[in-house]
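**Student:** My structure is below; once you've seen it, I'll send some questions.
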Amino acid sequence: MSSLSYTEAVTVGLLQGVTELFPVSSLGHSILLPALLGGHWKRDLDVSADNSPYLSVLIGLHLATALALVVYFRRDWVRVIGGLATSVRDRRITTTDQKLAWMLVVATIPVGIAGLALDHLFRSALGRPQPAAAFLALNGIVLYGAELLRRGGTGRRRAGHAPVAGEEHLDPDEQSDRRITRLTLRQGTWIGAAQILALMPGISRSGVTISAGVFRGLSHEDAARFAFLLATPVIAAAALLKVPDLMGPQGDGIRGQVLAGSVAAFAAGYVAVRFLSRYFENRTLTPFAIYCTVAGLGSLAYLSLG
């Protein structure tokens, strides 16, 4: 019977809900925390162990995080789904909602294909503490590099926040959608494809996507919004693929714990996206870059000496 206590499940759920959306890598933290704590945490929460249910548990918790994103962006998803439906019906792409819908669809395809083809390889080969620590440090360098390129003017021209004439009546979310859809479909796909890097434990999905959006000219606020919208179908699809595993023998003895962890992940995810949506209105990726670099290098040194 699999071993997973309620304390472990709730702790991992809270950790996953926060770190999935903060640009600091949820999988990297979920691998590193048990290794650093040691004892039964290291034994019960070893993603690389044979027949370990931990990876399925983690990805199952993602479903709760995806639900938190859907709840927070519920009005946006209503518009996006409506835009996709009318676009298919009318065979045209003219409105902002239609453009955003197709941008999300097309931008999700690369990471979907890569996830199906490479996910098991990356997780089995790199799902150990030392590689996760190294990639976490690399994640920090990527975040800081994006900020340096933006400040140095190497990135594309930035989209301003001032409403264009005729858009003053739109709410801030709709104005943000209009700025996002000024990107070309190719640029949006490039930003979505950045999520492929997050298959490597320690590389943050939201971090690389926000970095790519900022580099392509979006403000931090718009880049974060686009990143969270892009992440929702990817996280949900990956989670749904693993739910059947938890319904089978692999989930015996831990379904109650997974449910408790999911509640924690939903609450933490909702608070995280609410906080970050406001944070990126006037702040940057730099604090997260510093944290990831220091935490990654510090963890790597500790694990190497241990």
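Just remember, in the structure tokens the first chain shown is A, the second B, etc., residues are 1-based per chain, and ligands are 1-based in the order shown.
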Just want the 6 Å neighbourhood of region 21-36 of chain A, counted on only C-alpha atoms, with same-chain residues fewer than 2 positions away dropped. Output as a PDB file with C-alpha atoms, in the first residue's frame.
**Tutor:**
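The new file selection_16.pdb reads:
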ATOM      1  CA  GLN A  16       1.975  23.019  -5.580  1.00  0.00           C
ATOM      2  CA  VAL A  18       1.600  28.444  -4.984  1.00  0.00           C
ATOM      3  CA  THR A  19       4.667  27.364  -6.947  1.00  0.00           C
ATOM      4  CA  GLY A  38      14.810  13.814   4.581  1.00  0.00           C
ATOM      5  CA  TRP A  41       9.297  12.819   3.547  1.00  0.00           C
ATOM      6  CA  LYS A  42      12.155  11.680   1.342  1.00  0.00           C
ATOM      7  CA  PRO A 129      16.951  16.391  -6.548  1.00  0.00           C
ATOM      8  CA  ALA A 132      15.995  19.811 -10.184  1.00  0.00           C
ATOM      9  CA  PRO A 201      11.929  19.847 -13.244  1.00  0.00           C
ATOM     10  CA  GLY A 202      13.073  23.205 -11.901  1.00  0.00           C
ATOM     11  CA  ILE A 203      12.043  25.254 -14.939  1.00  0.00           C
ATOM     12  CA  SER A 204       8.866  27.220 -14.237  1.00  0.00           C
ATOM     13  CA  SER A 206       4.709  30.528 -15.783  1.00  0.00           C
ATOM     14  CA  GLY A 207       8.244  31.892 -15.531  1.00  0.00           C
TER      15      GLY A 207
END
**Student:** Taking only C-alpha atoms into account, produce a table as a tab-separated table in which each residue of region 17-73 of chain A with an atom at most 9 Å from an atom of region 233-244 of chain A appears once, together with its shortest atom pair and the distance in Å to one decimal, ordered by chain and rising number.
**Tutor:**
residue	atom	partner	partner_atom	distance
A:Leu55	CA	A:Lys242	CA	8.9
A:Ser56	CA	A:Lys242	CA	5.7
A:Val57	CA	A:Lys242	CA	8.2
A:Leu58	CA	A:Ala239	CA	8.6
A:Ile59	CA	A:Ala239	CA	5.0
A:Gly60	CA	A:Ala239	CA	4.9
A:Leu61	CA	A:Ala239	CA	7.4
A:His62	CA	A:Ala239	CA	5.7
A:Leu63	CA	A:Ala239	CA	5.2
A:Ala64	CA	A:Ala236	CA	8.5
A:Thr65	CA	A:Ile235	CA	8.0
A:Ala66	CA	A:Ala236	CA	5.5
A:Leu67	CA	A:Ala236	CA	7.9
**Student:** Enumerate as a list in words all residues of region 256-289 of chain A assigned to helix (DSSP H, G or I) by DSSP on the backbone, naming them with the chain letters and numbers the document uses.
**Tutor:**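 So the helix (DSSP H, G or I) residues in region 256-289 of chain A would be Gly256, Gln257, Val258, Leu259, Ala260, Gly261, Ser262, Val263, Ala264, Ala265, Phe266, Ala267, Ala268, Gly269, Tyr270, Val271, Ala272, Val273, Arg274, Phe275, Leu276, Ser277, Arg278, Tyr279, Thr286, Pro287, Phe288 and Ala289 of chain A.
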**Student:** Kindly save the residues from that selection, with N, CA, C and O atoms included, as an mmCIF file, in the first residue's frame.
**Tutor:**
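What landed in part15.cif:
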data_model
loop_
_atom_site.group_PDB
_atom_site.id
_atom_site.type_symbol
_atom_site.label_atom_id
_atom_site.label_comp_id
_atom_site.auth_asym_id
_atom_site.auth_seq_id
_atom_site.Cartn_x
_atom_site.Cartn_y
_atom_site.Cartn_z
ATOM 1 N N GLY A 256 -8.072 9.738 -0.024
ATOM 2 C CA GLY A 256 -8.488 10.770 0.922
ATOM 3 C C GLY A 256 -7.423 11.842 1.080
ATOM 4 O O GLY A 256 -7.724 13.043 1.139
ATOM 5 N N GLN A 257 -6.174 11.410 1.126
ATOM 6 C CA GLN A 257 -5.073 12.360 1.246
ATOM 7 C C GLN A 257 -4.984 13.248 -0.005
ATOM 8 O O GLN A 257 -4.738 14.452 0.094
ATOM 9 N N VAL A 258 -5.164 12.638 -1.182
ATOM 10 C CA VAL A 258 -5.108 13.414 -2.420
ATOM 11 C C VAL A 258 -6.238 14.448 -2.461
ATOM 12 O O VAL A 258 -6.046 15.583 -2.902
ATOM 13 N N LEU A 259 -7.413 14.064 -1.976
ATOM 14 C CA LEU A 259 -8.531 15.006 -1.928
ATOM 15 C C LEU A 259 -8.203 16.182 -1.010
ATOM 16 O O LEU A 259 -8.455 17.350 -1.357
ATOM 17 N N ALA A 260 -7.623 15.888 0.158
ATOM 18 C CA ALA A 260 -7.238 16.961 1.087
ATOM 19 C C ALA A 260 -6.179 17.863 0.461
ATOM 20 O O ALA A 260 -6.236 19.098 0.572
ATOM 21 N N GLY A 261 -5.219 17.245 -0.213
ATOM 22 C CA GLY A 261 -4.192 18.026 -0.884
ATOM 23 C C GLY A 261 -4.759 18.871 -2.005
ATOM 24 O O GLY A 261 -4.290 19.995 -2.247
ATOM 25 N N SER A 262 -5.781 18.357 -2.689
ATOM 26 C CA SER A 262 -6.403 19.096 -3.786
ATOM 27 C C SER A 262 -7.129 20.340 -3.274
ATOM 28 O O SER A 262 -7.100 21.398 -3.911
ATOM 29 N N VAL A 263 -7.801 20.205 -2.145
ATOM 30 C CA VAL A 263 -8.463 21.369 -1.548
ATOM 31 C C VAL A 263 -7.430 22.436 -1.201
ATOM 32 O O VAL A 263 -7.625 23.635 -1.464
ATOM 33 N N ALA A 264 -6.303 21.993 -0.635
ATOM 34 C CA ALA A 264 -5.228 22.933 -0.297
ATOM 35 C C ALA A 264 -4.653 23.578 -1.555
ATOM 36 O O ALA A 264 -4.378 24.781 -1.583
ATOM 37 N N ALA A 265 -4.473 22.790 -2.621
ATOM 38 C CA ALA A 265 -3.911 23.305 -3.863
ATOM 39 C C ALA A 265 -4.850 24.314 -4.512
ATOM 40 O O ALA A 265 -4.412 25.339 -5.058
ATOM 41 N N PHE A 266 -6.159 24.051 -4.453
ATOM 42 C CA PHE A 266 -7.128 24.994 -5.022
ATOM 43 C C PHE A 266 -7.064 26.330 -4.286
ATOM 44 O O PHE A 266 -6.991 27.400 -4.908
ATOM 45 N N ALA A 267 -7.094 26.273 -2.951
ATOM 46 C CA ALA A 267 -7.069 27.509 -2.165
ATOM 47 C C ALA A 267 -5.781 28.277 -2.400
ATOM 48 O O ALA A 267 -5.790 29.500 -2.610
ATOM 49 N N ALA A 268 -4.646 27.572 -2.382
ATOM 50 C CA ALA A 268 -3.357 28.230 -2.574
ATOM 51 C C ALA A 268 -3.241 28.790 -3.992
ATOM 52 O O ALA A 268 -2.717 29.891 -4.195
ATOM 53 N N GLY A 269 -3.737 28.048 -4.976
ATOM 54 C CA GLY A 269 -3.673 28.507 -6.355
ATOM 55 C C GLY A 269 -4.503 29.754 -6.584
ATOM 56 O O GLY A 269 -4.075 30.675 -7.290
ATOM 57 N N TYR A 270 -5.677 29.805 -5.984
ATOM 58 C CA TYR A 270 -6.549 30.973 -6.161
ATOM 59 C C TYR A 270 -5.914 32.213 -5.529
ATOM 60 O O TYR A 270 -5.907 33.292 -6.134
ATOM 61 N N VAL A 271 -5.383 32.053 -4.323
ATOM 62 C CA VAL A 271 -4.724 33.183 -3.662
ATOM 63 C C VAL A 271 -3.504 33.628 -4.474
ATOM 64 O O VAL A 271 -3.241 34.827 -4.636
ATOM 65 N N ALA A 272 -2.757 32.647 -5.022
ATOM 66 C CA ALA A 272 -1.542 32.960 -5.780
ATOM 67 C C ALA A 272 -1.858 33.746 -7.043
ATOM 68 O O ALA A 272 -1.203 34.758 -7.336
ATOM 69 N N VAL A 273 -2.854 33.312 -7.817
ATOM 70 C CA VAL A 273 -3.154 34.014 -9.069
ATOM 71 C C VAL A 273 -3.737 35.392 -8.779
ATOM 72 O O VAL A 273 -3.475 36.359 -9.509
ATOM 73 N N ARG A 274 -4.493 35.511 -7.719
ATOM 74 C CA ARG A 274 -5.035 36.820 -7.343
ATOM 75 C C ARG A 274 -3.900 37.775 -6.964
ATOM 76 O O ARG A 274 -3.886 38.946 -7.386
ATOM 77 N N PHE A 275 -2.951 37.272 -6.186
ATOM 78 C CA PHE A 275 -1.819 38.097 -5.783
ATOM 79 C C PHE A 275 -0.958 38.484 -6.977
ATOM 80 O O PHE A 275 -0.588 39.659 -7.143
ATOM 81 N N LEU A 276 -0.617 37.505 -7.821
ATOM 82 C CA LEU A 276 0.293 37.767 -8.931
ATOM 83 C C LEU A 276 -0.320 38.689 -9.980
ATOM 84 O O LEU A 276 0.392 39.489 -10.600
ATOM 85 N N SER A 277 -1.630 38.590 -10.183
ATOM 86 C CA SER A 277 -2.283 39.464 -11.154
ATOM 87 C C SER A 277 -2.130 40.925 -10.743
ATOM 88 O O SER A 277 -2.028 41.818 -11.593
ATOM 89 N N ARG A 278 -2.114 41.166 -9.447
ATOM 90 C CA ARG A 278 -1.905 42.539 -8.948
ATOM 91 C C ARG A 278 -0.422 42.876 -8.875
ATOM 92 O O ARG A 278 -0.018 44.010 -9.171
ATOM 93 N N TYR A 279 0.383 41.908 -8.481
ATOM 94 C CA TYR A 279 1.823 42.131 -8.343
ATOM 95 C C TYR A 279 2.434 42.609 -9.659
ATOM 96 O O TYR A 279 3.222 43.562 -9.684
ATOM 97 N N THR A 286 12.401 40.107 -11.255
ATOM 98 C CA THR A 286 13.715 40.088 -10.612
ATOM 99 C C THR A 286 13.739 39.401 -9.237
ATOM 100 O O THR A 286 14.638 38.587 -8.981
ATOM 101 N N PRO A 287 12.797 39.675 -8.316
ATOM 102 C CA PRO A 287 12.850 38.974 -7.018
ATOM 103 C C PRO A 287 12.767 37.455 -7.163
ATOM 104 O O PRO A 287 13.448 36.725 -6.424
ATOM 105 N N PHE A 288 11.968 36.986 -8.099
ATOM 106 C CA PHE A 288 11.849 35.542 -8.312
ATOM 107 C C PHE A 288 13.132 34.980 -8.923
ATOM 108 O O PHE A 288 13.521 33.851 -8.628
ATOM 109 N N ALA A 289 13.768 35.776 -9.775
ATOM 110 C CA ALA A 289 15.030 35.349 -10.380
ATOM 111 C C ALA A 289 16.095 35.153 -9.307
ATOM 112 O O ALA A 289 16.834 34.154 -9.305
#
**Student:** Which residue gives the smallest distance to Thr209 (chain A) among A:Arg43, A:Arg89, A:Arg225, A:Arg255, with only C-alpha atoms counted?
**Tutor:**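 Smallest separation from Thr209 (chain A) among the options: A:Arg225.
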**Student:** When you draw a straight line from CA of Gly145 (chain A) to CA of His220 (chain A), how long is it in Å?
**Tutor:**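 About the pair CA of Gly145 (chain A) and CA of His220 (chain A): they are 14.3 Å apart.
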**Student:** In terms of the shortest atom-to-atom distance over only C-alpha atoms, which of A:Ser5, A:Phe226, A:Ala49, A:Tyr291 is closest to Arg128 (chain A)?
**Tutor:**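 So, comparing all the options, the nearest one is A:Ala49.
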**Student:** Go through A:Phe215, A:Tyr54, A:Trp77, A:Tyr6 one by one, measure the shortest atom-to-atom distance of each to Phe228 (chain A) using only C-alpha atoms, and give the residue with the smallest value.
**Tutor:**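 The closest residue to Phe228 (chain A) is A:Trp77.
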**Student:** Using only C-alpha atoms, pick whichever of A:Asp171, A:Asn139, A:Met103, A:Glu147 has the shortest atom-to-atom distance to Gly192 (chain A).
**Tutor:**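 Closest to Gly192 (chain A), using only C-alpha atoms: A:Met103.
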**Student:** Could you please determine the separation between CA of Leu229 (chain A) and CA of Val70 (chain A) in Å, to one decimal place?
**Tutor:**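 Calculated distance between CA of Leu229 (chain A) and CA of Val70 (chain A) is 8.7 Å.
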